[in-house]
file query-v8.txt (compact mmCIF, C-alpha atoms)
# COMPACT_ATOMS: atom_id res chain seq x y z
CA MET A 1 -43.64 -49.20 -19.91
CA ALA A 2 -46.79 -47.12 -20.02
CA LYS A 3 -49.82 -46.83 -22.22
CA ALA A 4 -49.65 -43.81 -24.50
CA ASP A 5 -52.06 -41.02 -23.75
CA SER A 6 -55.23 -40.34 -25.71
CA ASN A 7 -53.58 -37.52 -27.69
CA MET A 8 -51.69 -40.01 -29.88
CA GLU A 9 -53.11 -40.56 -33.36
CA THR A 10 -53.09 -44.34 -33.15
CA ASN A 11 -54.93 -46.10 -30.34
CA ASN A 12 -53.52 -49.07 -28.47
CA LYS A 13 -49.91 -47.86 -28.55
CA ILE A 14 -47.27 -48.86 -26.07
CA VAL A 15 -44.53 -46.35 -25.38
CA GLU A 16 -41.30 -47.68 -23.99
CA LYS A 17 -39.22 -45.29 -21.94
CA TYR A 18 -35.85 -46.34 -20.58
CA PHE A 19 -34.17 -44.85 -17.56
CA LYS A 20 -30.50 -44.93 -16.68
CA SER A 21 -29.74 -47.55 -14.07
CA ASP A 22 -26.98 -49.77 -12.79
CA GLU A 23 -28.38 -52.74 -14.74
CA LYS A 24 -26.61 -51.94 -17.99
CA GLN A 25 -26.31 -55.55 -19.10
CA ASP A 26 -30.01 -56.39 -19.27
CA THR A 27 -31.28 -55.84 -22.81
CA THR A 28 -34.44 -57.94 -22.65
CA LEU A 29 -36.80 -54.96 -22.62
CA ILE A 30 -35.10 -53.14 -25.51
CA GLN A 31 -34.94 -56.38 -27.51
CA ASN A 32 -38.65 -57.07 -27.07
CA SER A 33 -39.50 -53.44 -27.78
CA LEU A 34 -37.43 -53.21 -30.95
CA GLU A 35 -38.86 -56.46 -32.28
CA LYS A 36 -42.40 -55.10 -31.82
CA PHE A 37 -41.35 -51.69 -33.16
CA ALA A 38 -39.98 -53.31 -36.32
CA LYS A 39 -43.20 -55.29 -36.91
CA ASP A 40 -45.55 -52.32 -36.43
CA LYS A 41 -45.84 -50.18 -39.57
CA ASN A 42 -47.29 -47.33 -37.47
CA HIS A 43 -44.47 -47.21 -34.92
CA LEU A 44 -43.32 -43.94 -33.37
CA VAL A 45 -40.25 -42.45 -31.77
CA LEU A 46 -41.01 -39.67 -29.32
CA THR A 47 -39.03 -37.12 -27.34
CA GLU A 48 -39.58 -36.58 -23.63
CA ASP A 49 -42.17 -33.88 -24.41
CA GLY A 50 -44.03 -36.09 -26.90
CA GLN A 51 -42.61 -34.65 -30.13
CA ASP A 52 -42.62 -37.17 -33.00
CA VAL A 53 -38.99 -37.71 -34.10
CA THR A 54 -39.53 -41.00 -35.91
CA ALA A 55 -37.93 -39.74 -39.13
CA GLN A 56 -34.69 -38.94 -37.26
CA HIS A 57 -34.33 -42.25 -35.43
CA GLU A 58 -36.32 -44.95 -37.25
CA LYS A 59 -33.55 -46.14 -39.58
CA LYS A 60 -31.00 -46.42 -36.77
CA LEU A 61 -33.38 -48.29 -34.44
CA LEU A 62 -34.36 -50.74 -37.18
CA GLU A 63 -30.67 -51.25 -37.94
CA PHE A 64 -29.98 -52.10 -34.28
CA ASN A 65 -32.83 -54.62 -34.42
CA ASP A 66 -31.63 -56.17 -37.70
CA ASN A 67 -28.13 -56.54 -36.25
CA HIS A 68 -29.42 -57.81 -32.88
CA ASP A 69 -27.27 -55.11 -31.25
CA TYR A 70 -29.53 -54.48 -28.27
CA LYS A 71 -26.84 -53.18 -25.95
CA ALA A 72 -25.98 -50.39 -28.40
CA ALA A 73 -29.70 -49.76 -29.00
CA LYS A 74 -30.29 -49.30 -25.28
CA GLU A 75 -27.35 -46.89 -25.03
CA TYR A 76 -28.63 -44.98 -28.08
CA VAL A 77 -32.17 -44.64 -26.67
CA LEU A 78 -30.80 -43.40 -23.34
CA LYS A 79 -28.35 -40.99 -24.98
CA GLU A 80 -30.99 -39.54 -27.31
CA ASP A 81 -33.61 -39.49 -24.51
CA ILE A 82 -36.30 -40.99 -26.75
CA SER A 83 -39.20 -43.38 -26.31
CA ILE A 84 -40.32 -46.13 -28.67
CA GLY A 85 -43.99 -46.45 -29.51
CA TYR A 86 -45.64 -49.44 -31.17
CA SER A 87 -49.02 -51.09 -31.40
CA ASP A 88 -49.88 -53.63 -28.74
CA ASN A 89 -51.95 -55.68 -31.20
call {"tool": "encode", "arguments": {"input": "query-v8.txt", "output": "C-alpha cells"}}
result
Amino acid sequence: MAKADSNMETNNKIVEKYFKSDEKQDTTLIQNSLEKFAKDKNHLVLTEDGQDVTAQHEKKLLEFNDNHDYKAAKEYVLKEDISIGYSDN
C-alpha cells in the first residue's frame, strides 16, 4: 500500500497494488480495500502506468465486494494488473 502521488486529482488517496505471491489464500487486504473503495464516491482504478481505467473495472470490483467474493477479486486485480484507489478519510 502506498500513498498516491501528487499528480492525482483527489488528495489523500490510498492506492492498493497487489503482487503475485505464494499467499493466495489471504484476502484480508483486498477485502478491506474493496470495502473502502465501495464507500468512496471518488474511487479510482489505475493501470501500472497510472492510467485511469475506473470505467472499465468499477462495476466488476463493486460486484465482487457486494458478493463478498474476495478471492476472485484478488485474482481479477492481479490478472488485470490494476490498482485500487480510494480516499483515506
call {"tool": "atom_distance", "arguments": {"input": "query-v8.txt", "atom1": "CA of Asn67 (chain A)", "atom2": "CA of Leu34 (chain A)"}}
result
11.2 Å
call {"tool": "atom_distance", "arguments": {"input": "query-v8.txt", "atom1": "CA of Thr47 (chain A)", "atom2": "CA of Ile30 (chain A)"}}
result
16.6 Å
call {"tool": "residues_around", "arguments": {"input": "query-v8.txt", "residues": "Asp40 (chain A)", "least_positions_apart": "5", "cutoff": "10 Å", "atoms": "all atoms listed in the file", "output": "list in words"}}
result
Leu34, Glu35, Gly85, Tyr86, Ser87, Asp88 and Asn89 of chain A
call {"tool": "residues_around", "arguments": {"input": "query-v8.txt", "residues": "Asp81 (chain A)", "least_positions_apart": "3", "cutoff": "7 Å", "atoms": "only C-alpha atoms", "output": "PyMOL selection string"}}
result
chain A and resi 47-48+77-78
call {"tool": "atom_distance", "arguments": {"input": "query-v8.txt", "atom1": "CA of Lys71 (chain A)", "atom2": "CA of Gln56 (chain A)"}}
result
19.8 Å
call {"tool": "residues_around", "arguments": {"input": "query-v8.txt", "residues": "Glu58 (chain A)", "least_positions_apart": "3", "cutoff": "9 Å", "atoms": "only C-alpha atoms", "output": "VMD selection string"}}
result
chain A and resid 43 to 45 53 to 55 61 to 63
call {"tool": "closest_residue", "arguments": {"input": "query-v8.txt", "among": "A:Asp52, A:Glu80, A:Glu75, A:Asp66", "to": "Ala38 (chain A)", "atoms": "all atoms listed in the file"}}
result
A:Asp66
call {"tool": "build_atoms", "arguments": {"input": "query-v8.txt", "residues": "region 72-83 of chain A", "atoms": "all heavy atoms", "output": "PDB file, in the frame of the given file"}}
result
ATOM      1  N   ALA A  72     -26.188 -51.696 -27.766  1.00  0.00           N
ATOM      2  CA  ALA A  72     -25.980 -50.390 -28.400  1.00  0.00           C
ATOM      3  C   ALA A  72     -27.308 -49.650 -28.573  1.00  0.00           C
ATOM      4  O   ALA A  72     -27.356 -48.428 -28.436  1.00  0.00           O
ATOM      5  CB  ALA A  72     -25.284 -50.565 -29.747  1.00  0.00           C
ATOM      6  N   ALA A  73     -28.371 -50.384 -28.852  1.00  0.00           N
ATOM      7  CA  ALA A  73     -29.700 -49.760 -29.000  1.00  0.00           C
ATOM      8  C   ALA A  73     -30.134 -49.120 -27.688  1.00  0.00           C
ATOM      9  O   ALA A  73     -30.641 -48.002 -27.675  1.00  0.00           O
ATOM     10  CB  ALA A  73     -30.713 -50.803 -29.448  1.00  0.00           C
ATOM     11  N   LYS A  74     -29.924 -49.833 -26.594  1.00  0.00           N
ATOM     12  CA  LYS A  74     -30.290 -49.300 -25.280  1.00  0.00           C
ATOM     13  C   LYS A  74     -29.488 -48.042 -24.977  1.00  0.00           C
ATOM     14  O   LYS A  74     -30.044 -47.032 -24.531  1.00  0.00           O
ATOM     15  CB  LYS A  74     -30.062 -50.356 -24.206  1.00  0.00           C
ATOM     16  CG  LYS A  74     -30.474 -49.929 -22.823  1.00  0.00           C
ATOM     17  CD  LYS A  74     -30.296 -51.056 -21.824  1.00  0.00           C
ATOM     18  CE  LYS A  74     -30.697 -50.633 -20.423  1.00  0.00           C
ATOM     19  NZ  LYS A  74     -30.515 -51.716 -19.459  1.00  0.00           N
ATOM     20  N   GLU A  75     -28.199 -48.062 -25.258  1.00  0.00           N
ATOM     21  CA  GLU A  75     -27.350 -46.890 -25.030  1.00  0.00           C
ATOM     22  C   GLU A  75     -27.805 -45.723 -25.898  1.00  0.00           C
ATOM     23  O   GLU A  75     -27.839 -44.578 -25.447  1.00  0.00           O
ATOM     24  CB  GLU A  75     -25.886 -47.242 -25.312  1.00  0.00           C
ATOM     25  CG  GLU A  75     -25.300 -48.193 -24.300  1.00  0.00           C
ATOM     26  CD  GLU A  75     -23.920 -48.735 -24.684  1.00  0.00           C
ATOM     27  OE1 GLU A  75     -23.367 -48.306 -25.729  1.00  0.00           O
ATOM     28  OE2 GLU A  75     -23.415 -49.599 -23.947  1.00  0.00           O
ATOM     29  N   TYR A  76     -28.177 -46.000 -27.144  1.00  0.00           N
ATOM     30  CA  TYR A  76     -28.630 -44.980 -28.080  1.00  0.00           C
ATOM     31  C   TYR A  76     -29.929 -44.329 -27.575  1.00  0.00           C
ATOM     32  O   TYR A  76     -30.053 -43.106 -27.555  1.00  0.00           O
ATOM     33  CB  TYR A  76     -28.846 -45.613 -29.449  1.00  0.00           C
ATOM     34  CG  TYR A  76     -29.340 -44.669 -30.516  1.00  0.00           C
ATOM     35  CD1 TYR A  76     -28.458 -43.824 -31.185  1.00  0.00           C
ATOM     36  CD2 TYR A  76     -30.682 -44.630 -30.868  1.00  0.00           C
ATOM     37  CE1 TYR A  76     -28.908 -42.969 -32.174  1.00  0.00           C
ATOM     38  CE2 TYR A  76     -31.143 -43.778 -31.854  1.00  0.00           C
ATOM     39  CZ  TYR A  76     -30.247 -42.946 -32.503  1.00  0.00           C
ATOM     40  OH  TYR A  76     -30.704 -42.091 -33.481  1.00  0.00           O
ATOM     41  N   VAL A  77     -30.883 -45.149 -27.159  1.00  0.00           N
ATOM     42  CA  VAL A  77     -32.170 -44.640 -26.670  1.00  0.00           C
ATOM     43  C   VAL A  77     -31.955 -43.769 -25.434  1.00  0.00           C
ATOM     44  O   VAL A  77     -32.548 -42.696 -25.305  1.00  0.00           O
ATOM     45  CB  VAL A  77     -33.136 -45.814 -26.379  1.00  0.00           C
ATOM     46  CG1 VAL A  77     -34.335 -45.364 -25.579  1.00  0.00           C
ATOM     47  CG2 VAL A  77     -33.582 -46.466 -27.679  1.00  0.00           C
ATOM     48  N   LEU A  78     -31.091 -44.188 -24.537  1.00  0.00           N
ATOM     49  CA  LEU A  78     -30.800 -43.400 -23.340  1.00  0.00           C
ATOM     50  C   LEU A  78     -30.085 -42.097 -23.700  1.00  0.00           C
ATOM     51  O   LEU A  78     -30.428 -41.033 -23.177  1.00  0.00           O
ATOM     52  CB  LEU A  78     -29.958 -44.210 -22.358  1.00  0.00           C
ATOM     53  CG  LEU A  78     -30.687 -45.352 -21.660  1.00  0.00           C
ATOM     54  CD1 LEU A  78     -29.697 -46.234 -20.912  1.00  0.00           C
ATOM     55  CD2 LEU A  78     -31.757 -44.815 -20.725  1.00  0.00           C
ATOM     56  N   LYS A  79     -29.114 -42.175 -24.588  1.00  0.00           N
ATOM     57  CA  LYS A  79     -28.350 -40.990 -24.980  1.00  0.00           C
ATOM     58  C   LYS A  79     -29.240 -39.966 -25.667  1.00  0.00           C
ATOM     59  O   LYS A  79     -29.155 -38.769 -25.394  1.00  0.00           O
ATOM     60  CB  LYS A  79     -27.208 -41.398 -25.911  1.00  0.00           C
ATOM     61  CG  LYS A  79     -26.368 -40.243 -26.399  1.00  0.00           C
ATOM     62  CD  LYS A  79     -25.243 -40.740 -27.303  1.00  0.00           C
ATOM     63  CE  LYS A  79     -24.808 -39.652 -28.231  1.00  0.00           C
ATOM     64  NZ  LYS A  79     -25.221 -39.821 -29.596  1.00  0.00           N
ATOM     65  N   GLU A  80     -30.114 -40.433 -26.556  1.00  0.00           N
ATOM     66  CA  GLU A  80     -30.990 -39.540 -27.310  1.00  0.00           C
ATOM     67  C   GLU A  80     -32.227 -39.119 -26.518  1.00  0.00           C
ATOM     68  O   GLU A  80     -32.965 -38.232 -26.947  1.00  0.00           O
ATOM     69  CB  GLU A  80     -31.417 -40.205 -28.619  1.00  0.00           C
ATOM     70  CG  GLU A  80     -30.271 -40.501 -29.560  1.00  0.00           C
ATOM     71  CD  GLU A  80     -29.597 -39.241 -30.086  1.00  0.00           C
ATOM     72  OE1 GLU A  80     -30.299 -38.225 -30.295  1.00  0.00           O
ATOM     73  OE2 GLU A  80     -28.363 -39.261 -30.274  1.00  0.00           O
ATOM     74  N   ASP A  81     -32.471 -39.765 -25.379  1.00  0.00           N
ATOM     75  CA  ASP A  81     -33.610 -39.490 -24.510  1.00  0.00           C
ATOM     76  C   ASP A  81     -34.931 -39.591 -25.281  1.00  0.00           C
ATOM     77  O   ASP A  81     -35.742 -38.670 -25.303  1.00  0.00           O
ATOM     78  CB  ASP A  81     -33.480 -38.127 -23.836  1.00  0.00           C
ATOM     79  CG  ASP A  81     -34.403 -37.990 -22.633  1.00  0.00           C
ATOM     80  OD1 ASP A  81     -34.799 -39.031 -22.063  1.00  0.00           O
ATOM     81  OD2 ASP A  81     -34.728 -36.850 -22.267  1.00  0.00           O
ATOM     82  N   ILE A  82     -35.111 -40.741 -25.933  1.00  0.00           N
ATOM     83  CA  ILE A  82     -36.300 -40.990 -26.750  1.00  0.00           C
ATOM     84  C   ILE A  82     -37.076 -42.183 -26.214  1.00  0.00           C
ATOM     85  O   ILE A  82     -36.543 -42.998 -25.462  1.00  0.00           O
ATOM     86  CB  ILE A  82     -35.929 -41.222 -28.230  1.00  0.00           C
ATOM     87  CG1 ILE A  82     -34.884 -42.334 -28.380  1.00  0.00           C
ATOM     88  CG2 ILE A  82     -35.457 -39.917 -28.875  1.00  0.00           C
ATOM     89  CD1 ILE A  82     -34.511 -42.689 -29.801  1.00  0.00           C
ATOM     90  N   SER A  83     -38.330 -42.258 -26.639  1.00  0.00           N
ATOM     91  CA  SER A  83     -39.200 -43.380 -26.310  1.00  0.00           C
ATOM     92  C   SER A  83     -39.629 -44.042 -27.587  1.00  0.00           C
ATOM     93  O   SER A  83     -39.756 -43.400 -28.629  1.00  0.00           O
ATOM     94  CB  SER A  83     -40.448 -42.884 -25.567  1.00  0.00           C
ATOM     95  OG  SER A  83     -40.096 -42.244 -24.376  1.00  0.00           O
TER      96      SER A  83
END
